[in-house]
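Trainee: Just one file: final35.csv, with CSV, C-alpha atoms.
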chain,number,residue,atom,x,y,z
A,1,MET,CA,-65.2,3.9,68.8
A,2,LEU,CA,-63.6,7.1,69.9
A,3,PHE,CA,-63.6,5.9,73.5
A,4,THR,CA,-62.1,2.6,72.5
A,5,LEU,CA,-59.3,4.5,70.7
A,6,PHE,CA,-58.6,6.6,73.8
A,7,TRP,CA,-58.8,3.7,76.2
A,8,THR,CA,-56.5,1.5,74.1
A,9,PHE,CA,-53.8,4.1,73.9
A,10,PHE,CA,-54.3,4.9,77.6
A,11,LYS,CA,-53.5,1.2,78.3
A,12,ILE,CA,-50.5,1.3,76.0
A,13,GLY,CA,-49.2,4.4,77.7
A,14,LEU,CA,-49.7,2.8,81.1
A,15,PHE,CA,-48.1,-0.5,80.5
A,16,THR,CA,-45.1,0.5,78.4
A,17,PHE,CA,-41.9,1.0,80.4
A,18,GLY,CA,-38.9,2.8,78.9
A,19,GLY,CA,-38.6,3.9,75.3
A,20,GLY,CA,-41.3,3.9,72.6
A,21,TYR,CA,-39.9,0.9,70.9
A,22,ALA,CA,-41.1,-1.2,73.8
A,23,MET,CA,-44.6,-0.1,72.7
A,24,ILE,CA,-44.5,-1.6,69.2
A,25,PRO,CA,-45.6,-5.2,70.1
A,26,PHE,CA,-48.6,-3.7,72.1
A,27,ILE,CA,-49.6,-1.5,69.3
A,28,HIS,CA,-49.5,-4.5,66.9
A,29,GLN,CA,-51.6,-6.6,69.2
A,30,TYR,CA,-54.3,-4.0,69.6
A,31,ALA,CA,-54.4,-1.9,66.5
A,32,VAL,CA,-53.7,-4.7,64.0
A,33,GLU,CA,-54.9,-8.0,65.5
A,34,LYS,CA,-57.7,-7.1,67.9
A,35,TYR,CA,-59.4,-4.0,66.4
A,36,LYS,CA,-58.1,-4.2,62.8
A,37,TRP,CA,-57.8,-0.4,62.7
A,38,ILE,CA,-54.7,-0.7,60.4
A,39,THR,CA,-53.3,-3.4,58.2
A,40,ASP,CA,-49.9,-5.1,58.7
A,41,ASP,CA,-48.5,-2.9,55.8
A,42,GLU,CA,-49.7,0.2,57.5
A,43,PHE,CA,-48.1,-1.0,60.7
A,44,LEU,CA,-44.8,-1.3,59.0
A,45,ASP,CA,-45.3,2.2,57.6
A,46,ILE,CA,-45.7,3.5,61.2
A,47,ILE,CA,-42.3,2.2,62.1
A,48,ALA,CA,-40.8,3.8,59.0
A,49,ILE,CA,-42.7,7.0,59.8
A,50,ALA,CA,-41.4,7.0,63.4
A,51,GLU,CA,-37.9,6.7,62.1
A,52,SER,CA,-38.2,9.4,59.5
A,53,THR,CA,-40.1,12.1,61.3
A,54,PRO,CA,-39.1,14.0,64.4
A,55,GLY,CA,-40.7,13.2,67.8
A,56,PRO,CA,-41.3,10.3,70.1
A,57,ILE,CA,-42.4,7.0,68.4
A,58,ALA,CA,-45.3,6.7,70.9
A,59,ILE,CA,-46.7,10.0,69.7
A,60,ASN,CA,-46.1,9.4,66.1
A,61,SER,CA,-47.9,6.1,66.1
A,62,ALA,CA,-50.8,7.2,68.3
A,63,THR,CA,-51.4,10.2,66.0
A,64,TYR,CA,-51.1,8.1,62.8
A,65,ILE,CA,-53.5,5.3,64.0
A,66,GLY,CA,-55.9,7.8,65.5
A,67,TYR,CA,-56.0,9.7,62.1
A,68,LYS,CA,-56.6,6.4,60.2
A,69,VAL,CA,-59.5,5.6,62.4
A,70,LYS,CA,-61.3,8.9,62.9
A,71,GLY,CA,-59.4,11.8,61.4
A,72,VAL,CA,-57.9,14.6,63.4
A,73,GLY,CA,-60.2,14.1,66.3
A,74,GLY,CA,-59.1,10.5,66.5
A,75,SER,CA,-55.5,11.6,66.5
A,76,ALA,CA,-56.1,14.0,69.3
A,77,LEU,CA,-57.8,11.3,71.5
A,78,ALA,CA,-55.3,8.6,70.8
A,79,THR,CA,-52.4,11.0,71.6
A,80,LEU,CA,-54.2,12.2,74.8
A,81,GLY,CA,-54.7,8.6,75.8
A,82,VAL,CA,-51.0,7.7,75.5
A,83,VAL,CA,-49.8,10.8,77.3
A,84,LEU,CA,-52.2,10.9,80.2
A,85,PRO,CA,-50.8,8.0,82.3
A,86,SER,CA,-47.4,9.6,82.2
A,87,ILE,CA,-48.7,13.0,83.3
A,88,VAL,CA,-50.5,11.5,86.3
A,89,ILE,CA,-47.8,9.1,87.3
A,90,ILE,CA,-44.8,11.4,86.9
A,91,THR,CA,-46.6,14.2,88.7
A,92,LEU,CA,-47.1,12.0,91.7
A,93,ILE,CA,-43.5,10.7,91.6
A,94,ALA,CA,-42.1,14.2,91.1
A,95,ALA,CA,-44.0,15.5,94.1
A,96,PHE,CA,-42.7,12.5,96.1
A,97,PHE,CA,-39.1,12.8,94.8
A,98,MET,CA,-38.9,16.5,95.9
A,99,GLN,CA,-39.7,15.4,99.5
A,100,PHE,CA,-36.8,12.9,99.6
A,101,LYS,CA,-34.2,14.2,97.2
A,102,ASP,CA,-32.1,15.8,100.0
A,103,ASN,CA,-32.1,12.6,102.2
A,104,VAL,CA,-28.5,11.5,102.3
A,105,TYR,CA,-29.2,7.8,101.5
A,106,VAL,CA,-31.4,8.8,98.6
A,107,GLU,CA,-28.4,10.9,97.4
A,108,TYR,CA,-26.0,7.9,97.7
A,109,THR,CA,-28.5,5.7,95.7
A,110,PHE,CA,-28.8,8.3,93.0
A,111,LYS,CA,-25.0,8.8,92.8
A,112,GLY,CA,-24.9,5.1,91.7
A,113,ILE,CA,-28.0,5.4,89.5
A,114,ARG,CA,-26.3,8.3,87.6
A,115,ILE,CA,-23.6,6.0,86.5
A,116,GLY,CA,-26.2,3.5,85.4
A,117,VAL,CA,-28.0,6.1,83.3
A,118,ALA,CA,-24.7,7.1,81.7
A,119,ILE,CA,-24.3,3.5,80.7
A,120,LEU,CA,-27.8,3.4,79.3
A,121,VAL,CA,-27.1,6.4,77.1
A,122,LEU,CA,-23.8,4.8,76.0
A,123,ASN,CA,-25.5,1.6,75.1
A,124,ALA,CA,-28.2,3.5,73.2
A,125,ALA,CA,-25.4,5.1,71.2
A,126,ILE,CA,-23.8,1.8,70.5
A,127,ARG,CA,-27.1,0.3,69.5
A,128,MET,CA,-27.9,3.2,67.1
A,129,TYR,CA,-24.3,3.0,65.7
A,130,LYS,CA,-24.8,-0.7,64.8
A,131,LYS,CA,-28.0,0.1,62.8
A,132,LEU,CA,-26.3,2.7,60.7
A,133,ASP,CA,-25.1,2.2,57.1
A,134,LYS,CA,-21.4,2.2,57.4
A,135,ASN,CA,-19.6,4.4,54.9
A,136,LEU,CA,-17.3,7.3,54.8
A,137,LEU,CA,-20.1,9.9,55.1
A,138,SER,CA,-21.5,8.4,58.2
A,139,PHE,CA,-18.1,7.9,59.9
A,140,PHE,CA,-17.3,11.6,59.1
A,141,LEU,CA,-20.7,12.8,60.5
A,142,ILE,CA,-20.4,10.7,63.7
A,143,LEU,CA,-17.0,12.4,64.4
A,144,VAL,CA,-18.5,15.8,63.5
A,145,GLY,CA,-21.5,15.3,65.9
A,146,PHE,CA,-19.2,13.8,68.6
A,147,GLY,CA,-16.6,16.6,68.5
A,148,LEU,CA,-18.9,19.6,68.2
A,149,ILE,CA,-21.0,18.6,71.2
A,150,LEU,CA,-18.3,17.1,73.4
A,151,PHE,CA,-16.3,20.4,73.3
A,152,GLU,CA,-19.4,22.5,73.4
A,153,ILE,CA,-18.6,24.2,70.1
A,154,LEU,CA,-22.1,24.4,68.6
A,155,PRO,CA,-25.7,23.9,70.0
A,156,VAL,CA,-27.3,20.5,69.3
A,157,ILE,CA,-29.8,21.9,66.8
A,158,TYR,CA,-27.1,23.4,64.6
A,159,VAL,CA,-25.2,20.1,64.7
A,160,ILE,CA,-28.3,18.2,63.6
A,161,LEU,CA,-28.9,20.7,60.8
A,162,ILE,CA,-25.3,20.4,59.6
A,163,GLY,CA,-25.9,16.6,59.4
A,164,GLY,CA,-29.1,17.0,57.5
A,165,ILE,CA,-27.8,19.5,55.0
A,166,THR,CA,-24.6,17.5,54.4
A,167,GLY,CA,-26.9,14.5,53.8
A,168,ILE,CA,-29.1,16.4,51.3
A,169,ILE,CA,-26.0,17.7,49.4
A,170,TYR,CA,-24.6,14.1,49.3
A,171,GLN,CA,-27.9,12.7,48.1
A,172,LEU,CA,-28.3,15.3,45.3
A,173,VAL,CA,-24.7,14.9,44.1
A,174,LYS,CA,-24.9,11.1,44.2
A,175,VAL,CA,-28.3,10.8,42.5
A,176,ARG,CA,-27.1,13.1,39.7
A,177,GLY,CA,-23.9,11.0,39.4
A,178,GLU,CA,-26.0,7.9,39.0
A,179,ASP,CA,-28.2,9.5,36.4
A,180,ASN,CA,-25.1,10.3,34.3
A,181,VAL,CA,-24.0,6.6,34.2
B,1,MET,CA,-46.0,32.6,85.7
B,2,PHE,CA,-47.4,32.8,82.2
B,3,SER,CA,-44.0,33.6,80.7
B,4,LEU,CA,-42.5,30.6,82.4
B,5,LEU,CA,-45.3,28.3,81.1
B,6,TRP,CA,-44.8,29.8,77.6
B,7,GLU,CA,-41.0,29.3,77.8
B,8,LEU,CA,-41.6,25.6,78.8
B,9,PHE,CA,-43.9,25.1,75.9
B,10,ILE,CA,-41.6,26.7,73.4
B,11,THR,CA,-38.5,24.9,74.7
B,12,PHE,CA,-40.1,21.5,74.5
B,13,PHE,CA,-41.7,22.3,71.1
B,14,LYS,CA,-38.2,23.0,69.8
B,15,ILE,CA,-37.0,19.8,71.4
B,16,GLY,CA,-39.8,17.9,69.8
B,17,ILE,CA,-39.0,19.2,66.3
B,18,PHE,CA,-35.4,18.1,66.5
B,19,THR,CA,-35.7,14.7,68.1
B,20,PHE,CA,-34.8,12.2,65.4
B,21,GLY,CA,-34.5,8.5,66.4
B,22,GLY,CA,-36.5,7.9,69.6
B,23,GLY,CA,-36.3,9.0,73.2
B,24,TYR,CA,-32.5,8.8,73.7
B,25,ALA,CA,-32.0,11.2,70.8
B,26,MET,CA,-33.9,13.7,73.0
B,27,ILE,CA,-31.4,13.6,75.8
B,28,PRO,CA,-28.7,15.8,74.2
B,29,LEU,CA,-31.3,18.5,73.4
B,30,ILE,CA,-32.9,18.4,76.8
B,31,THR,CA,-29.5,18.5,78.6
B,32,GLU,CA,-28.4,21.5,76.6
B,33,GLU,CA,-31.6,23.5,77.1
B,34,VAL,CA,-32.2,22.7,80.7
B,35,VAL,CA,-28.6,23.4,81.8
B,36,ALA,CA,-28.3,26.6,79.8
B,37,LYS,CA,-31.6,27.9,81.3
B,38,ASN,CA,-30.4,27.0,84.8
B,39,TRP,CA,-33.5,24.9,85.3
B,40,LEU,CA,-31.5,21.9,86.6
B,41,GLU,CA,-27.9,20.9,87.2
B,42,THR,CA,-26.6,18.0,85.0
B,43,SER,CA,-26.6,15.5,87.9
B,44,ARG,CA,-30.2,16.3,88.9
B,45,LEU,CA,-31.3,16.0,85.3
B,46,ILE,CA,-29.7,12.5,85.2
B,47,ASP,CA,-31.8,11.6,88.2
B,48,PHE,CA,-34.9,12.7,86.4
B,49,ILE,CA,-33.8,10.6,83.3
B,50,ALA,CA,-33.4,7.6,85.6
B,51,ILE,CA,-36.9,8.0,87.0
B,52,SER,CA,-38.4,8.6,83.6
B,53,GLU,CA,-36.8,5.4,82.3
B,54,SER,CA,-38.2,3.3,85.2
B,55,THR,CA,-41.8,4.5,85.2
B,56,PRO,CA,-44.6,3.5,82.8
B,57,GLY,CA,-45.1,5.6,79.7
B,58,PRO,CA,-42.9,6.7,76.9
B,59,PHE,CA,-39.6,8.2,78.1
B,60,ALA,CA,-40.0,11.4,76.0
B,61,ILE,CA,-43.3,12.2,77.7
B,62,ASN,CA,-42.1,11.3,81.2
B,63,ILE,CA,-39.0,13.4,81.1
B,64,SER,CA,-40.9,16.4,79.7
B,65,THR,CA,-43.6,16.1,82.3
B,66,PHE,CA,-41.0,15.8,85.0
B,67,ILE,CA,-39.0,18.9,84.0
B,68,GLY,CA,-42.3,20.8,83.5
B,69,TYR,CA,-43.6,19.9,86.9
B,70,ASN,CA,-40.3,20.7,88.6
B,71,GLN,CA,-40.4,24.2,87.1
B,72,ALA,CA,-44.0,25.2,87.4
B,73,GLY,CA,-46.1,22.4,89.0
B,74,ILE,CA,-48.9,20.6,87.2
B,75,LEU,CA,-49.5,23.4,84.7
B,76,GLY,CA,-45.8,23.3,83.9
B,77,ALA,CA,-46.0,19.5,83.3
B,78,ILE,CA,-48.9,20.0,80.9
B,79,PHE,CA,-47.3,22.8,78.9
B,80,ALA,CA,-44.0,21.0,78.5
B,81,THR,CA,-45.7,17.8,77.5
B,82,PHE,CA,-48.0,19.6,75.1
B,83,GLY,CA,-45.0,21.3,73.6
B,84,VAL,CA,-43.0,18.1,73.0
B,85,VAL,CA,-46.1,16.3,71.5
B,86,LEU,CA,-47.3,19.1,69.1
B,87,PRO,CA,-44.6,18.9,66.4
B,88,SER,CA,-45.1,15.2,65.8
B,89,PHE,CA,-48.8,15.6,65.9
B,90,ILE,CA,-48.8,18.3,63.2
B,91,ILE,CA,-46.2,16.5,61.0
B,92,ILE,CA,-48.0,13.2,61.1
B,93,ILE,CA,-51.3,14.7,60.2
B,94,ILE,CA,-49.8,16.5,57.3
B,95,ILE,CA,-48.0,13.4,55.9
B,96,ALA,CA,-50.5,10.7,56.9
B,97,LYS,CA,-52.2,10.8,53.5
B,98,ALA,CA,-49.1,10.8,51.4
B,99,PHE,CA,-46.5,8.9,53.4
B,100,HIS,CA,-44.9,7.0,50.6
B,101,LYS,CA,-44.4,10.2,48.6
B,102,PHE,CA,-42.9,11.8,51.7
B,103,ALA,CA,-40.6,8.8,52.5
B,104,THR,CA,-39.1,8.6,49.0
B,105,ASN,CA,-38.6,12.4,48.5
B,106,LYS,CA,-34.9,12.9,47.8
B,107,PHE,CA,-34.6,15.8,50.3
B,108,VAL,CA,-36.1,13.7,53.1
B,109,VAL,CA,-34.0,10.7,52.2
B,110,GLY,CA,-30.8,12.9,52.1
B,111,PHE,CA,-31.7,14.8,55.3
B,112,LEU,CA,-32.1,11.5,57.2
B,113,ARG,CA,-29.0,10.0,55.7
B,114,GLY,CA,-27.0,12.8,57.3
B,115,VAL,CA,-29.0,13.2,60.5
B,116,LYS,CA,-28.8,9.6,61.7
B,117,PRO,CA,-25.0,9.4,61.9
B,118,VAL,CA,-24.6,12.9,63.3
B,119,VAL,CA,-27.2,12.1,66.1
B,120,VAL,CA,-25.2,8.9,66.9
B,121,GLY,CA,-22.1,11.1,67.4
B,122,VAL,CA,-24.0,13.5,69.5
B,123,ILE,CA,-25.4,10.8,71.8
B,124,PHE,CA,-21.9,9.3,72.2
B,125,SER,CA,-20.6,12.6,73.3
B,126,VAL,CA,-23.5,13.0,75.8
B,127,ALA,CA,-22.7,9.5,77.2
B,128,ILE,CA,-19.1,10.6,77.7
B,129,THR,CA,-20.2,13.8,79.4
B,130,PHE,CA,-22.6,11.9,81.7
B,131,LEU,CA,-19.9,9.3,82.5
B,132,LEU,CA,-17.3,12.0,83.4
B,133,LYS,CA,-19.9,13.8,85.5
B,134,SER,CA,-21.2,10.7,87.3
B,135,ILE,CA,-17.9,8.9,87.9
B,136,PHE,CA,-15.5,11.8,88.5
B,137,ASP,CA,-17.9,14.7,88.9
B,138,LEU,CA,-16.1,16.8,86.3
B,139,SER,CA,-16.7,18.0,82.7
B,140,VAL,CA,-14.7,17.6,79.5
B,141,LEU,CA,-13.5,21.2,79.7
B,142,ASP,CA,-11.7,20.7,83.1
B,143,ILE,CA,-10.5,17.2,82.6
B,144,LEU,CA,-7.1,18.0,84.1
B,145,ASN,CA,-8.7,18.4,87.6
B,146,VAL,CA,-9.6,14.7,87.8
B,147,ASP,CA,-10.2,13.3,91.3
B,148,PHE,CA,-9.7,9.6,90.6
B,149,ARG,CA,-11.5,7.1,92.8
B,150,TRP,CA,-11.4,3.4,92.1
B,151,SER,CA,-14.6,2.7,94.0
B,152,THR,CA,-16.8,4.6,91.7
B,153,LEU,CA,-15.3,2.9,88.7
B,154,ILE,CA,-16.4,-0.4,90.2
B,155,ILE,CA,-20.0,0.5,89.7
B,156,PHE,CA,-19.3,1.5,86.1
B,157,ALA,CA,-17.4,-1.8,85.4
B,158,VAL,CA,-20.0,-4.1,87.0
B,159,VAL,CA,-23.0,-2.4,85.4
B,160,PHE,CA,-21.4,-2.0,82.0
B,161,ALA,CA,-20.3,-5.7,82.0
B,162,MET,CA,-23.8,-6.7,83.0
B,163,THR,CA,-25.4,-4.8,80.1
B,164,ARG,CA,-22.9,-6.3,77.6
B,165,ILE,CA,-23.4,-9.9,78.8
B,166,TRP,CA,-27.2,-9.6,79.1
B,167,LYS,CA,-28.1,-7.5,76.1
B,168,LYS,CA,-31.9,-7.5,76.5
B,169,ILE,CA,-31.7,-6.3,80.1
B,170,HIS,CA,-34.4,-3.8,80.9
B,171,PRO,CA,-33.4,-0.2,82.0
B,172,ILE,CA,-35.2,-0.7,85.3
B,173,PHE,CA,-32.8,-3.4,86.3
B,174,ILE,CA,-29.8,-1.2,85.4
B,175,VAL,CA,-31.3,1.6,87.5
B,176,LEU,CA,-31.9,-0.8,90.4
B,177,VAL,CA,-28.5,-2.4,90.4
B,178,SER,CA,-26.6,0.8,90.1
B,179,GLY,CA,-28.7,2.4,92.8
B,180,ILE,CA,-28.1,-0.4,95.2
B,181,MET,CA,-24.4,-0.4,94.4
B,182,GLY,CA,-24.3,3.4,94.9
B,183,LEU,CA,-26.0,3.1,98.3
B,184,ILE,CA,-23.5,0.4,99.4
B,185,ILE,CA,-20.3,2.0,98.0
B,186,TYR,CA,-21.0,5.7,98.8
B,187,GLY,CA,-23.0,5.0,102.0
B,188,LEU,CA,-21.0,2.3,103.7
B,189,ILE,CA,-17.6,2.2,102.2
B,190,LEU,CA,-16.6,5.8,101.2
Could you write out this file's structure as structure tokens?
Mentor:
Amino acid sequence: MLFTLFWTFFKIGLFTFGGGYAMIPFIHQYAVEKYKWITDDEFLDIIAIAESTPGPIAINSATYIGYKVKGVGGSALATLGVVLPSIVIITLIAAFFMQFKDNVYVEYTFKGIRIGVAILVLNAAIRMYKKLDKNLLSFFLILVGFGLILFEILPVIYVILIGGITGIIYQLVKVRGEDNV
Amino acid sequence: MFSLLWELFITFFKIGIFTFGGGYAMIPLITEEVVAKNWLETSRLIDFIAISESTPGPFAINISTFIGYNQAGILGAIFATFGVVLPSFIIIIIIAKAFHKFATNKFVVGFLRGVKPVVVGVIFSVAITFLLKSIFDLSVLDILNVDFRWSTLIIFAVVFAMTRIWKKIHPIFIVLVSGIMGLIIYGLIL
């Protein structure tokens, strides 16, 4: 059982390219359909958990499913499984990259790729913007986050905390307002 | 050596705590830390991001492993990755039993209500920073020194149009196409 857990997440780590969201269908296929470790409802919880807790979705889901199956030990094995392929593959690639990074043609290629990556980040921002609730608070906070970081006024962590604290104040004031009605 | 490993662990632990909203939300934190500590220049970091997007495994783990390896070899890779994983691991184990209570707590709901939009703004600004750096090789703070070249804008225009037309396109293809265009434009034309 523990080995199956490890092996399943190892495969998920090995065959997922890109962000953690690409992993969701795989996780459903194995953890819900094949091994029945979690129910469909719990699966939906995982997505909600991943969106409401810090950290990569891959790690959040491995830890959660591992915990449901076999407690803390299960969590550790599932997480190790999902992380291990990356450590091996990236270490090999990093060693290889260091050999070739100063080659002039590699540099030309990466000059193009850097523009591609900037576009990937821009598209991620657009995608996340579309998923937001649109209201005055969120437009205000987008501008705050954008301006403070673009002009290097505050470190990212403080900016995130400013957003979180503003959100909490808004929530408390709003909930109290609704209670009064 | 041990102090560097410890610094990698702590830095990535901090990044892990403050990453809300998936791998891309990690990029602003990583950029800030890595550039401030002089571990990498912005353009080299973007190369690492490209490779981490186009290799198997979650992006967040790949980029942490890559930076850790670059700083301190295989042990560095392990310490950085362990650092970025640990906060999620601890938090999930704490809330796994009472997730619904956690998810409906008014402080959690309020916190996320504010964090989500602010993170979107932060990622937009990092996208602008990366675009300025990769197209014009300059930063926001010295924008008046712009060295304008049409040819680099072509890569941006083509790749951006491609991603807008074909919305489900995988990051690997974007990396491939922009790399080939870079090789042709910088290598043969410029």
Trainee: List every protein, DNA or RNA residue that has at least one atom no more than 12 Å from (-36.6, 24.6, 71.4) in the file's coordinates, counting all atoms listed in the file, and write the result as a PyMOL selection string.
Mentor: (chain A and resi 155-158) or (chain B and resi 6-19+26+29-34+36-37+80+83-84+87)
Trainee: Give me the residues near range 111-118 of chain A as a PyMOL selection string, where near means some atom within 10 Å (using all atoms listed in the file) and where sequence neighbours in that chain fewer than 3 positions away do not count.
Mentor: (chain A and resi 105-108+121-124) or (chain B and resi 43-51+53+126-135+152-153+155-156+158-160+163+171-186)
Trainee: For the selection you just gave me, I'd like the residues written to a file as a PDB file, in the coordinates of the input, keeping C-alpha atoms.
Mentor:
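Writing the result to again_17.pdb gives the following:
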ATOM      1  CA  TYR A 105     -29.200   7.800 101.500  1.00  0.00           C
ATOM      2  CA  VAL A 106     -31.400   8.800  98.600  1.00  0.00           C
ATOM      3  CA  GLU A 107     -28.400  10.900  97.400  1.00  0.00           C
ATOM      4  CA  TYR A 108     -26.000   7.900  97.700  1.00  0.00           C
ATOM      5  CA  VAL A 121     -27.100   6.400  77.100  1.00  0.00           C
ATOM      6  CA  LEU A 122     -23.800   4.800  76.000  1.00  0.00           C
ATOM      7  CA  ASN A 123     -25.500   1.600  75.100  1.00  0.00           C
ATOM      8  CA  ALA A 124     -28.200   3.500  73.200  1.00  0.00           C
TER       9      ALA A 124
ATOM     10  CA  SER B  43     -26.600  15.500  87.900  1.00  0.00           C
ATOM     11  CA  ARG B  44     -30.200  16.300  88.900  1.00  0.00           C
ATOM     12  CA  LEU B  45     -31.300  16.000  85.300  1.00  0.00           C
ATOM     13  CA  ILE B  46     -29.700  12.500  85.200  1.00  0.00           C
ATOM     14  CA  ASP B  47     -31.800  11.600  88.200  1.00  0.00           C
ATOM     15  CA  PHE B  48     -34.900  12.700  86.400  1.00  0.00           C
ATOM     16  CA  ILE B  49     -33.800  10.600  83.300  1.00  0.00           C
ATOM     17  CA  ALA B  50     -33.400   7.600  85.600  1.00  0.00           C
ATOM     18  CA  ILE B  51     -36.900   8.000  87.000  1.00  0.00           C
ATOM     19  CA  GLU B  53     -36.800   5.400  82.300  1.00  0.00           C
ATOM     20  CA  VAL B 126     -23.500  13.000  75.800  1.00  0.00           C
ATOM     21  CA  ALA B 127     -22.700   9.500  77.200  1.00  0.00           C
ATOM     22  CA  ILE B 128     -19.100  10.600  77.700  1.00  0.00           C
ATOM     23  CA  THR B 129     -20.200  13.800  79.400  1.00  0.00           C
ATOM     24  CA  PHE B 130     -22.600  11.900  81.700  1.00  0.00           C
ATOM     25  CA  LEU B 131     -19.900   9.300  82.500  1.00  0.00           C
ATOM     26  CA  LEU B 132     -17.300  12.000  83.400  1.00  0.00           C
ATOM     27  CA  LYS B 133     -19.900  13.800  85.500  1.00  0.00           C
ATOM     28  CA  SER B 134     -21.200  10.700  87.300  1.00  0.00           C
ATOM     29  CA  ILE B 135     -17.900   8.900  87.900  1.00  0.00           C
ATOM     30  CA  THR B 152     -16.800   4.600  91.700  1.00  0.00           C
ATOM     31  CA  LEU B 153     -15.300   2.900  88.700  1.00  0.00           C
ATOM     32  CA  ILE B 155     -20.000   0.500  89.700  1.00  0.00           C
ATOM     33  CA  PHE B 156     -19.300   1.500  86.100  1.00  0.00           C
ATOM     34  CA  VAL B 158     -20.000  -4.100  87.000  1.00  0.00           C
ATOM     35  CA  VAL B 159     -23.000  -2.400  85.400  1.00  0.00           C
ATOM     36  CA  PHE B 160     -21.400  -2.000  82.000  1.00  0.00           C
ATOM     37  CA  THR B 163     -25.400  -4.800  80.100  1.00  0.00           C
ATOM     38  CA  PRO B 171     -33.400  -0.200  82.000  1.00  0.00           C
ATOM     39  CA  ILE B 172     -35.200  -0.700  85.300  1.00  0.00           C
ATOM     40  CA  PHE B 173     -32.800  -3.400  86.300  1.00  0.00           C
ATOM     41  CA  ILE B 174     -29.800  -1.200  85.400  1.00  0.00           C
ATOM     42  CA  VAL B 175     -31.300   1.600  87.500  1.00  0.00           C
ATOM     43  CA  LEU B 176     -31.900  -0.800  90.400  1.00  0.00           C
ATOM     44  CA  VAL B 177     -28.500  -2.400  90.400  1.00  0.00           C
ATOM     45  CA  SER B 178     -26.600   0.800  90.100  1.00  0.00           C
ATOM     46  CA  GLY B 179     -28.700   2.400  92.800  1.00  0.00           C
ATOM     47  CA  ILE B 180     -28.100  -0.400  95.200  1.00  0.00           C
ATOM     48  CA  MET B 181     -24.400  -0.400  94.400  1.00  0.00           C
ATOM     49  CA  GLY B 182     -24.300   3.400  94.900  1.00  0.00           C
ATOM     50  CA  LEU B 183     -26.000   3.100  98.300  1.00  0.00           C
ATOM     51  CA  ILE B 184     -23.500   0.400  99.400  1.00  0.00           C
ATOM     52  CA  ILE B 185     -20.300   2.000  98.000  1.00  0.00           C
ATOM     53  CA  TYR B 186     -21.000   5.700  98.800  1.00  0.00           C
TER      54      TYR B 186
END
Trainee: So how many Å separate CA of Trp39 in chain B and CA of Phe17 in chain A, to one decimal?
Mentor: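 Spanning CA of Trp39 in chain B to CA of Phe17 in chain A is a straight-line distance of 25.8 Å.
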Trainee: How many Å lie between CA of Lys36 in chain A and CA of Leu86 in chain B, rounded to one decimal?
Mentor: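 Those two atoms sit 26.4 Å apart.
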Trainee: When you draw a straight line from CA of Ile24 in chain A to CA of Gly76 in chain B, how long is it in Å?
Mentor: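 Pair CA of Ile24 in chain A / CA of Gly76 in chain B returns 28.9 Å.
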Trainee: For Met23 in chain A, work out the shell of residues within 12 Å, counting all atoms listed in the file and skipping chain neighbours fewer than 3 positions away, then give it as a PDB file with C-alpha atoms, in the frame of the given file.
Mentor:
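Result saved to around29.pdb:
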ATOM      1  CA  PHE A   9     -53.800   4.100  73.900  1.00  0.00           C
ATOM      2  CA  PHE A  10     -54.300   4.900  77.600  1.00  0.00           C
ATOM      3  CA  LYS A  11     -53.500   1.200  78.300  1.00  0.00           C
ATOM      4  CA  ILE A  12     -50.500   1.300  76.000  1.00  0.00           C
ATOM      5  CA  GLY A  13     -49.200   4.400  77.700  1.00  0.00           C
ATOM      6  CA  LEU A  14     -49.700   2.800  81.100  1.00  0.00           C
ATOM      7  CA  PHE A  15     -48.100  -0.500  80.500  1.00  0.00           C
ATOM      8  CA  THR A  16     -45.100   0.500  78.400  1.00  0.00           C
ATOM      9  CA  PHE A  17     -41.900   1.000  80.400  1.00  0.00           C
ATOM     10  CA  GLY A  18     -38.900   2.800  78.900  1.00  0.00           C
ATOM     11  CA  GLY A  19     -38.600   3.900  75.300  1.00  0.00           C
ATOM     12  CA  GLY A  20     -41.300   3.900  72.600  1.00  0.00           C
ATOM     13  CA  PHE A  26     -48.600  -3.700  72.100  1.00  0.00           C
ATOM     14  CA  ILE A  27     -49.600  -1.500  69.300  1.00  0.00           C
ATOM     15  CA  HIS A  28     -49.500  -4.500  66.900  1.00  0.00           C
ATOM     16  CA  GLN A  29     -51.600  -6.600  69.200  1.00  0.00           C
ATOM     17  CA  TYR A  30     -54.300  -4.000  69.600  1.00  0.00           C
ATOM     18  CA  ALA A  31     -54.400  -1.900  66.500  1.00  0.00           C
ATOM     19  CA  ILE A  47     -42.300   2.200  62.100  1.00  0.00           C
ATOM     20  CA  PRO A  56     -41.300  10.300  70.100  1.00  0.00           C
ATOM     21  CA  ILE A  57     -42.400   7.000  68.400  1.00  0.00           C
ATOM     22  CA  ALA A  58     -45.300   6.700  70.900  1.00  0.00           C
ATOM     23  CA  ILE A  59     -46.700  10.000  69.700  1.00  0.00           C
ATOM     24  CA  ASN A  60     -46.100   9.400  66.100  1.00  0.00           C
ATOM     25  CA  SER A  61     -47.900   6.100  66.100  1.00  0.00           C
ATOM     26  CA  ALA A  62     -50.800   7.200  68.300  1.00  0.00           C
ATOM     27  CA  VAL A  82     -51.000   7.700  75.500  1.00  0.00           C
TER      28      VAL A  82
ATOM     29  CA  GLY B  22     -36.500   7.900  69.600  1.00  0.00           C
ATOM     30  CA  PRO B  56     -44.600   3.500  82.800  1.00  0.00           C
ATOM     31  CA  GLY B  57     -45.100   5.600  79.700  1.00  0.00           C
ATOM     32  CA  PRO B  58     -42.900   6.700  76.900  1.00  0.00           C
ATOM     33  CA  PHE B  59     -39.600   8.200  78.100  1.00  0.00           C
TER      34      PHE B  59
END
Trainee: Looking at only C-alpha atoms, which of B:Arg164, B:Arg113, B:His170, B:Arg149 is the one that sits closest to Ile126 in chain A?
Mentor: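 Using only C-alpha atoms, the shortest distance to Ile126 in chain A belongs to B:Arg164.
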